[in-house]
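Colleague: Before I ask anything, here is the structure I am working with.
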Amino acid sequence: MSKNTIENIIALSSDLRWKIGDDFHDGLAEGIYADASEIAGAAVSTDTQKKRFRLDAKIDKIVTSKTWGFPIMFLILGVILWLTIIGANYPSSMLAQLLLDTIHPILKGFAATIGMPWWLDGFLIDGVYLAVAWVIAVMLPPMAIFFPLFTLLEDFGYLPRVAFNLDYMFKKSGAHGKQALTMSMGFGCNAAGVVATRIIDSPRERLIAIITNNFSLCNGRWPTQILIATIFIGAVVPASFSSIASLSAVIGIAILGIFFMFFTSWVLTKTVLKGEVSTFNLELPPYRPPRFWKTIYTSLIDRTLIVLWRAILFAAPAGAVIWLISNIYIGNESIASWTINAMDGFGFLLGLNGVILLAYIVAIPANEIVIPTILMLTVMVSGIPGGEGAGVMFELDSVTATGDILRAGGWTLLTAINLMLFSLLHNPCSTTIYTIYKETKSIKWTTVASILPVIMGFVITFLVAQIWRLVF
Amino acid sequence: MDNKVSSACETCLQYNSKGLKKLGLNTENIDFVVALAGNPNTGKSTVFNALTGLRQHTGNWPGKTVVRAEGAFEYNDQKFKLVDLPGTYSLLSTSQDEEVARNFILFGKPDVTVIVVDASRLERNLNLVLQILEITDKAVLCLNLMDEAKRNNIKIDTRTLAKDLGVPVVPTSARFNEGIPDLIKTINEVATGKIICKPHRIKNVPKNIENAVKTLANEIEQQYPSIPNSRWIAFRLLEGDTHIIEALKTGELV
């Protein structure tokens, strides 16, 4: 084709565009709607005797009402978490018994019979195997309950109603209402939440949604929150209220995360990401009764196992690293001890300790392994009996025993509260950071999204620690 | 995946599951490329799963699919690659998910475009359907969520609809696998040219715009006699769509 004629066509088009004026877009859109209405009118017939969508409208009136919208939202979240916490306990301890108390000794015994050198045996069985086993025992049961429940809710059509309820607050904070949907996805996995921000058209609002997604407590962090709340928060109140108290603490942290998400969005729109809030149409889809068994099956096979597999992939090398830093000595002390001692002072300022900070560094690839790392390191530095040796990650038989270890390591209620806060407010895991880079293609914004939450975590835990020490 | 009988059709001799092989992710040596387009939340991913045997995550909220998912199936020894596009209400604006959908239909030149619509919200869905029919002349309308339409006492005369739109119309309830065999058969027939579509072209356009479009479309057709969507390109040029102007210059459209 000759360039000339193409230029001619383009020139002709701008000529004609000038002649038509501004009406083109609207004229065409109206034309399409008129055609659509004619065609639909000829083909569709409705039984007008019966009212359409009556039940849907009724449900919507309640779940999106000003009075009941929020209480219902929190109630649903509470019920899902409660079922997860209560339901996961039993299978978790069964798995722990099988993988840690039964299979681990068998492996050790086998290694001894074939005369495996101590360092290889330690590296593979006490490092890699135990980390993987712990992740399976702790993560599989809550995920196998949480994901299907969440998917059922999603299939039913509740998520867009959440977006509808929260829209006003998003608008106030200068963010896009669809961020409610990406935030909800973040409660499962932040990396998934970041990918989901593609539904937001405006680059400014999309960036806000990406940066603040980390404030949705992800699946890797729920177990930490639940365990620490059960041990420390549940113990402050009489036994009959302990599960309610720990449940409220976990929900409180999740809501605090939502608050930080709004707050950060607001700060960003007032400073580096100024701009108008764009309007959008949100379609409230009809409620659809989920296909129960199919949903359970697919969410177990797809979501649960895929996330678990990822956790295992990251836990295996992390377990190896933990074993190595605890067993390689520089002078009289292991690398782990050196780092812990070096960070203890800073940790104290934050109401945490060096162990927790080191655990968070080791756990950058996967948040799931924070607790086992903390336990192992605590046993190692405080020299309390109960562990299985340097660099051996373990799971204690009961929640009480875990609590005893932590208290012996100098933990107080403040440490627990600040750990929960820091678990909410710290850098995203490596997968999420990589996903943010892929989505934004910007080193600058990836750095902001990674560093900002840690700084907030430091500030918040520091403030809480100082006030706490003044009061108590 | 599951071999359970989930509709009465599967027990029937006429049922064509013998000719159907779900190939999952195996998209090698493909004979035809099929695109799945439609409004958000009309069940595209459910149709996709039903055809490929994959388990692309589905959910009842608009905007769930943001990336292109691909899968494949084999029917009567011919391999079809299926591309699940993000749901869009229109192809006239420029958000990222809309661009993914539009670019694929326009530049990917699928052999068949299956437009999935919500049967109980047909009129609203037709907005996108009419735009797609301006771009491609090999399309199948998948009238999905028939179960919901039935529950809401909505009846659709599929023959009238097919005549007006000029493309085959297949009613389905993809969640329950109903109508899927019929859909596969129809896709095959459009792909192999057994069914020739005569897609509807937008009629109710104001006179001055229609005249401009005609002039421009004629000019484009003289340059590119084989182009199937000169009218749609004319629409976009009149809108001042820089992406299309660019594509015209580089010859990507032909």
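FYI, nothing fancy with the structure tokens labels: chains A, B, ... in order, residues from 1 per chain, ligands from 1 as they appear.
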Please, which residues of chain A lie no more than 7 Å from chain B when the count uses only C-alpha atoms, and can they be set out as a PyMOL selection string?

Modeller: chain A and resi 6+9+13-14+16-17+20+24-25+27-28+31-37+39-40+43-47+52-53+154-157+159-160+196+198-199+201+285

Colleague: Restrict the selected residues to N, CA and C atoms and save them as an mmCIF file, in the first residue's frame.

Modeller:
data_model
loop_
_atom_site.group_PDB
_atom_site.id
_atom_site.type_symbol
_atom_site.label_atom_id
_atom_site.label_comp_id
_atom_site.auth_asym_id
_atom_site.auth_seq_id
_atom_site.Cartn_x
_atom_site.Cartn_y
_atom_site.Cartn_z
ATOM 1 N N ILE A 6 -2.876 6.119 2.484
ATOM 2 C CA ILE A 6 -3.236 5.964 3.894
ATOM 3 C C ILE A 6 -3.299 7.325 4.565
ATOM 4 N N ILE A 9 -6.526 8.854 3.677
ATOM 5 C CA ILE A 9 -7.661 8.361 4.468
ATOM 6 C C ILE A 9 -7.690 9.053 5.828
ATOM 7 N N SER A 13 -10.479 11.487 7.303
ATOM 8 C CA SER A 13 -11.193 11.213 8.549
ATOM 9 C C SER A 13 -11.180 12.437 9.462
ATOM 10 N N SER A 14 -10.047 13.158 9.503
ATOM 11 C CA SER A 14 -10.072 14.327 10.407
ATOM 12 C C SER A 14 -10.949 15.439 9.837
ATOM 13 N N LEU A 16 -13.740 14.929 8.125
ATOM 14 C CA LEU A 16 -15.119 14.541 8.434
ATOM 15 C C LEU A 16 -15.403 14.724 9.916
ATOM 16 N N ARG A 17 -14.366 14.425 10.739
ATOM 17 C CA ARG A 17 -14.546 14.555 12.181
ATOM 18 C C ARG A 17 -14.881 15.999 12.535
ATOM 19 N N ILE A 20 -18.535 16.726 11.603
ATOM 20 C CA ILE A 20 -19.560 16.156 12.496
ATOM 21 C C ILE A 20 -19.568 16.890 13.839
ATOM 22 N N PHE A 24 -20.203 12.959 17.578
ATOM 23 C CA PHE A 24 -19.976 11.628 17.021
ATOM 24 C C PHE A 24 -20.158 10.512 18.040
ATOM 25 N N HIS A 25 -19.437 10.624 19.151
ATOM 26 C CA HIS A 25 -19.447 9.545 20.138
ATOM 27 C C HIS A 25 -20.873 9.265 20.625
ATOM 28 N N GLY A 27 -23.699 10.183 19.232
ATOM 29 C CA GLY A 27 -24.562 9.755 18.127
ATOM 30 C C GLY A 27 -24.426 8.270 17.872
ATOM 31 N N LEU A 28 -23.184 7.794 17.854
ATOM 32 C CA LEU A 28 -22.947 6.377 17.612
ATOM 33 C C LEU A 28 -23.509 5.540 18.762
ATOM 34 N N GLY A 31 -27.123 5.318 18.561
ATOM 35 C CA GLY A 31 -27.491 4.421 17.466
ATOM 36 C C GLY A 31 -27.424 2.969 17.904
ATOM 37 N N ILE A 32 -26.351 2.631 18.608
ATOM 38 C CA ILE A 32 -26.193 1.247 19.064
ATOM 39 C C ILE A 32 -27.310 0.877 20.033
ATOM 40 N N TYR A 33 -27.611 1.795 20.965
ATOM 41 C CA TYR A 33 -28.672 1.496 21.934
ATOM 42 C C TYR A 33 -30.015 1.319 21.252
ATOM 43 N N ALA A 34 -30.277 2.163 20.237
ATOM 44 C CA ALA A 34 -31.557 2.049 19.527
ATOM 45 C C ALA A 34 -31.653 0.698 18.840
ATOM 46 N N ASP A 35 -30.578 0.274 18.184
ATOM 47 C CA ASP A 35 -30.566 -1.037 17.541
ATOM 48 C C ASP A 35 -30.789 -2.136 18.570
ATOM 49 N N ALA A 36 -30.057 -2.038 19.687
ATOM 50 C CA ALA A 36 -30.145 -3.061 20.730
ATOM 51 C C ALA A 36 -31.573 -3.181 21.227
ATOM 52 N N SER A 37 -32.209 -2.037 21.416
ATOM 53 C CA SER A 37 -33.558 -2.060 21.953
ATOM 54 C C SER A 37 -34.534 -2.665 20.941
ATOM 55 N N ILE A 39 -33.786 -4.919 18.583
ATOM 56 C CA ILE A 39 -33.538 -6.358 18.466
ATOM 57 C C ILE A 39 -34.041 -7.099 19.702
ATOM 58 N N ALA A 40 -33.738 -6.554 20.875
ATOM 59 C CA ALA A 40 -34.184 -7.208 22.101
ATOM 60 C C ALA A 40 -35.710 -7.197 22.168
ATOM 61 N N ALA A 43 -37.149 -10.066 20.258
ATOM 62 C CA ALA A 43 -36.834 -11.437 20.657
ATOM 63 C C ALA A 43 -37.244 -11.781 22.086
ATOM 64 N N VAL A 44 -37.287 -10.798 22.973
ATOM 65 C CA VAL A 44 -37.503 -11.097 24.386
ATOM 66 C C VAL A 44 -38.948 -10.857 24.776
ATOM 67 N N SER A 45 -39.497 -11.793 25.514
ATOM 68 C CA SER A 45 -40.814 -11.536 26.092
ATOM 69 C C SER A 45 -40.769 -11.915 27.560
ATOM 70 N N THR A 46 -41.339 -11.076 28.380
ATOM 71 C CA THR A 46 -41.325 -11.348 29.809
ATOM 72 C C THR A 46 -42.745 -11.554 30.293
ATOM 73 N N ASP A 47 -42.861 -12.420 31.267
ATOM 74 C CA ASP A 47 -44.151 -12.630 31.905
ATOM 75 C C ASP A 47 -44.332 -11.512 32.922
ATOM 76 N N ARG A 52 -40.013 -9.337 38.499
ATOM 77 C CA ARG A 52 -38.678 -9.874 38.295
ATOM 78 C C ARG A 52 -37.726 -9.450 39.422
ATOM 79 N N PHE A 53 -36.782 -10.307 39.709
ATOM 80 C CA PHE A 53 -35.666 -9.982 40.613
ATOM 81 C C PHE A 53 -36.122 -9.501 41.986
ATOM 82 N N GLU A 154 -18.042 -15.598 47.273
ATOM 83 C CA GLU A 154 -17.734 -14.959 46.003
ATOM 84 C C GLU A 154 -18.710 -15.427 44.932
ATOM 85 N N ASP A 155 -18.961 -16.735 44.888
ATOM 86 C CA ASP A 155 -19.890 -17.276 43.897
ATOM 87 C C ASP A 155 -21.308 -16.786 44.135
ATOM 88 N N PHE A 156 -21.632 -16.602 45.389
ATOM 89 C CA PHE A 156 -22.970 -16.145 45.727
ATOM 90 C C PHE A 156 -23.199 -14.732 45.203
ATOM 91 N N GLY A 157 -22.143 -13.934 45.133
ATOM 92 C CA GLY A 157 -22.266 -12.582 44.595
ATOM 93 C C GLY A 157 -22.178 -11.502 45.657
ATOM 94 N N LEU A 159 -19.358 -10.098 47.054
ATOM 95 C CA LEU A 159 -18.255 -9.134 46.971
ATOM 96 C C LEU A 159 -18.628 -7.770 46.385
ATOM 97 N N PRO A 160 -19.381 -7.715 45.267
ATOM 98 C CA PRO A 160 -19.745 -6.389 44.744
ATOM 99 C C PRO A 160 -20.555 -5.571 45.743
ATOM 100 N N ALA A 196 -5.347 -8.178 40.414
ATOM 101 C CA ALA A 196 -6.755 -7.817 40.229
ATOM 102 C C ALA A 196 -6.955 -6.316 40.039
ATOM 103 N N ARG A 198 -6.061 -4.561 37.879
ATOM 104 C CA ARG A 198 -6.215 -4.218 36.463
ATOM 105 C C ARG A 198 -7.627 -3.764 36.123
ATOM 106 N N ILE A 199 -8.593 -4.083 36.981
ATOM 107 C CA ILE A 199 -9.966 -3.636 36.699
ATOM 108 C C ILE A 199 -10.107 -2.135 36.915
ATOM 109 N N ASP A 201 -9.379 1.556 35.926
ATOM 110 C CA ASP A 201 -8.935 2.193 34.685
ATOM 111 C C ASP A 201 -7.869 3.248 34.917
ATOM 112 N N PRO A 285 -24.378 -7.919 40.509
ATOM 113 C CA PRO A 285 -24.853 -9.087 39.779
ATOM 114 C C PRO A 285 -25.946 -9.793 40.574
#

Colleague: I want to know what sits within 12 Å of Ser246 in chain A, based on only C-alpha atoms, with residues of the same chain fewer than 6 positions away left out; could you give that as a VMD selection string?

Modeller: chain A and resid 78 81 to 82 85 to 86 225 to 240 252 to 253 416 to 417 420

Colleague: Please identify all polymer residues within 12 Å of Lys109 in chain B, counting only C-alpha atoms, omitting same-chain residues fewer than 6 positions from it, and present them as a PyMOL selection string.

Modeller: chain B and resi 32-35+83+101-103+135-139+227-229+252-254

Colleague: Put those residues in a file: C-alpha atoms, as a short mmCIF file (atom, residue, chain, number, x, y, z; two decimals), in the first residue's frame.

Modeller:
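Written out: again_30.cif:
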data_model
loop_
_atom_site.label_atom_id
_atom_site.label_comp_id
_atom_site.auth_asym_id
_atom_site.auth_seq_id
_atom_site.Cartn_x
_atom_site.Cartn_y
_atom_site.Cartn_z
CA PHE B 32 -8.72 -22.77 14.77
CA VAL B 33 -8.54 -19.94 17.28
CA VAL B 34 -11.73 -19.12 19.17
CA ALA B 35 -12.15 -15.97 21.28
CA VAL B 83 -8.99 -17.57 24.51
CA ALA B 101 -10.29 -7.68 24.55
CA ARG B 102 -10.44 -5.29 21.61
CA ASN B 103 -6.89 -5.86 20.45
CA ILE B 135 -15.43 -6.00 13.77
CA THR B 136 -15.78 -9.64 12.85
CA ASP B 137 -18.11 -11.61 10.62
CA LYS B 138 -17.45 -14.99 12.20
CA ALA B 139 -19.30 -15.00 15.47
CA ILE B 227 -10.91 -5.94 4.90
CA PRO B 228 -13.97 -7.27 6.77
CA ASN B 229 -14.48 -4.34 9.12
CA GLU B 252 -1.41 -4.28 11.14
CA LEU B 253 -5.09 -4.29 10.32
CA VAL B 254 -4.88 -6.17 7.06
#

Colleague: Suppose you want the space between CA of Ala320 in chain A and CA of Phe123 in chain A; what is it in Å?

Modeller: 5.9 Å

Colleague: Which parts of range 115-208 of chain B does DSSP call alpha helix (DSSP H) when run on the backbone here, written out as an NGL selection string?

Modeller: :B and (122-135 or 146-151 or 158-165 or 180-191 or 207-208)

Colleague: Would you output that residue set with N, CA and C atoms, as a compact mmCIF listing (two decimals), in the first residue's frame?

Modeller:
# COMPACT_ATOMS: atom_id res chain seq x y z
N LEU B 122 -30.47 -9.18 28.16
CA LEU B 122 -30.07 -9.21 26.77
C LEU B 122 -29.85 -7.82 26.18
N GLU B 123 -30.81 -6.92 26.42
CA GLU B 123 -30.75 -5.63 25.75
C GLU B 123 -29.45 -4.89 26.10
N ARG B 124 -29.13 -4.91 27.42
CA ARG B 124 -27.93 -4.20 27.84
C ARG B 124 -26.67 -4.85 27.24
N ASN B 125 -26.70 -6.19 27.15
CA ASN B 125 -25.55 -6.91 26.60
C ASN B 125 -25.36 -6.69 25.10
N LEU B 126 -26.47 -6.37 24.41
CA LEU B 126 -26.38 -6.23 22.96
C LEU B 126 -25.47 -5.07 22.55
N ASN B 127 -25.31 -4.10 23.40
CA ASN B 127 -24.41 -2.98 23.13
C ASN B 127 -23.04 -3.48 22.68
N LEU B 128 -22.49 -4.42 23.44
CA LEU B 128 -21.18 -4.97 23.10
C LEU B 128 -21.28 -5.88 21.87
N VAL B 129 -22.36 -6.68 21.84
CA VAL B 129 -22.53 -7.63 20.73
C VAL B 129 -22.50 -6.88 19.39
N LEU B 130 -23.25 -5.78 19.31
CA LEU B 130 -23.34 -5.05 18.05
C LEU B 130 -21.98 -4.47 17.66
N GLN B 131 -21.20 -4.07 18.66
CA GLN B 131 -19.87 -3.55 18.35
C GLN B 131 -18.95 -4.65 17.82
N ILE B 132 -19.04 -5.82 18.45
CA ILE B 132 -18.18 -6.93 18.00
C ILE B 132 -18.57 -7.36 16.59
N LEU B 133 -19.88 -7.35 16.32
CA LEU B 133 -20.33 -7.77 14.98
C LEU B 133 -19.88 -6.79 13.90
N GLU B 134 -19.52 -5.58 14.28
CA GLU B 134 -18.95 -4.65 13.31
C GLU B 134 -17.50 -5.03 12.99
N ILE B 135 -16.85 -5.69 13.95
CA ILE B 135 -15.43 -6.00 13.77
C ILE B 135 -15.22 -7.32 13.04
N MET B 146 -29.30 -19.22 30.87
CA MET B 146 -30.70 -19.46 30.51
C MET B 146 -31.51 -19.88 31.73
N ASP B 147 -30.83 -20.58 32.69
CA ASP B 147 -31.54 -21.02 33.90
C ASP B 147 -32.06 -19.82 34.68
N GLU B 148 -31.24 -18.77 34.74
CA GLU B 148 -31.68 -17.58 35.47
C GLU B 148 -32.80 -16.86 34.73
N ALA B 149 -32.67 -16.80 33.42
CA ALA B 149 -33.71 -16.15 32.63
C ALA B 149 -35.04 -16.87 32.84
N LYS B 150 -34.97 -18.20 32.85
CA LYS B 150 -36.18 -18.98 33.05
C LYS B 150 -36.79 -18.68 34.41
N ARG B 151 -35.91 -18.62 35.42
CA ARG B 151 -36.39 -18.35 36.76
C ARG B 151 -37.06 -16.98 36.84
N THR B 158 -35.03 -17.44 20.13
CA THR B 158 -33.66 -17.49 19.62
C THR B 158 -33.61 -17.40 18.10
N ARG B 159 -34.69 -17.87 17.44
CA ARG B 159 -34.65 -17.83 15.96
C ARG B 159 -34.74 -16.40 15.45
N THR B 160 -35.65 -15.63 16.03
CA THR B 160 -35.74 -14.22 15.64
C THR B 160 -34.43 -13.50 15.93
N LEU B 161 -33.89 -13.80 17.10
CA LEU B 161 -32.65 -13.14 17.51
C LEU B 161 -31.53 -13.46 16.52
N ALA B 162 -31.42 -14.75 16.15
CA ALA B 162 -30.37 -15.17 15.22
C ALA B 162 -30.56 -14.49 13.87
N LYS B 163 -31.84 -14.36 13.45
CA LYS B 163 -32.12 -13.74 12.15
C LYS B 163 -31.73 -12.25 12.19
N ASP B 164 -32.10 -11.58 13.29
CA ASP B 164 -31.80 -10.15 13.39
C ASP B 164 -30.30 -9.88 13.49
N LEU B 165 -29.61 -10.74 14.22
CA LEU B 165 -28.18 -10.50 14.41
C LEU B 165 -27.34 -11.05 13.27
N ILE B 180 -23.80 -26.91 26.01
CA ILE B 180 -22.40 -26.86 25.63
C ILE B 180 -22.11 -27.69 24.37
N PRO B 181 -22.67 -28.93 24.28
CA PRO B 181 -22.44 -29.70 23.05
C PRO B 181 -22.90 -28.94 21.81
N ASP B 182 -24.05 -28.30 21.92
CA ASP B 182 -24.59 -27.54 20.81
C ASP B 182 -23.66 -26.38 20.45
N LEU B 183 -23.12 -25.76 21.49
CA LEU B 183 -22.21 -24.63 21.28
C LEU B 183 -20.96 -25.08 20.51
N ILE B 184 -20.43 -26.23 20.93
CA ILE B 184 -19.22 -26.74 20.26
C ILE B 184 -19.50 -27.01 18.79
N LYS B 185 -20.65 -27.63 18.54
CA LYS B 185 -21.02 -27.97 17.16
C LYS B 185 -21.10 -26.69 16.33
N THR B 186 -21.74 -25.67 16.90
CA THR B 186 -21.92 -24.42 16.16
C THR B 186 -20.58 -23.72 15.91
N ILE B 187 -19.71 -23.72 16.94
CA ILE B 187 -18.38 -23.12 16.76
C ILE B 187 -17.67 -23.80 15.60
N ASN B 188 -17.75 -25.13 15.59
CA ASN B 188 -17.11 -25.90 14.53
C ASN B 188 -17.67 -25.52 13.15
N GLU B 189 -18.99 -25.38 13.09
CA GLU B 189 -19.60 -25.08 11.79
C GLU B 189 -19.25 -23.69 11.28
N VAL B 190 -19.13 -22.73 12.20
CA VAL B 190 -18.73 -21.39 11.77
C VAL B 190 -17.25 -21.39 11.36
N ALA B 191 -16.44 -22.11 12.14
CA ALA B 191 -15.00 -22.13 11.86
C ALA B 191 -14.72 -22.76 10.50
N LYS B 207 -27.98 10.58 10.35
CA LYS B 207 -27.67 10.70 8.91
C LYS B 207 -26.27 11.24 8.65
N ASN B 208 -25.91 12.36 9.29
CA ASN B 208 -24.63 12.98 8.96
C ASN B 208 -23.46 12.06 9.31

Colleague: Could you tell me which of A:Pro290, A:Pro372, A:Pro117, A:Gly21 comes closest to Pro223 in chain A if we count only C-alpha atoms?

Modeller: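 Ranking A:Pro290, A:Pro372, A:Pro117, A:Gly21 by distance to Pro223 in chain A, first place goes to A:Pro372.
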
Colleague: DSSP on the backbone, strand (DSSP E) only: what residues of range 327-441 of chain A does that give? Format it as a list of chain:residue names.

Modeller: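 DSSP-assigned strand (DSSP E) residues in range 327-441 of chain A: A:Tyr329, A:Ile330, A:Glu333, A:Ser334.
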
Colleague: Mind giving me the straight-line distance from CA of Lys438 in chain A to CA of Phe215 in chain A in Å, one decimal?

Modeller: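 Atom-to-atom, CA of Lys438 in chain A and CA of Phe215 in chain A are spaced 19.5 Å apart.
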
Colleague: Quick one: residues within 12 Å of Val370 in chain A, only C-alpha atoms, excluding same-chain residues fewer than 2 positions away - as a PyMOL selection string?

Modeller: chain A and resi 131+134-135+138+220-225+227-228+311+315+318-319+322+355-368+372-377+393+419-420+422-423+429

Colleague: Hey, can you check how far CA of Leu273 in chain A sits from CA of Gly186 in chain A?

Modeller: 21.7 Å
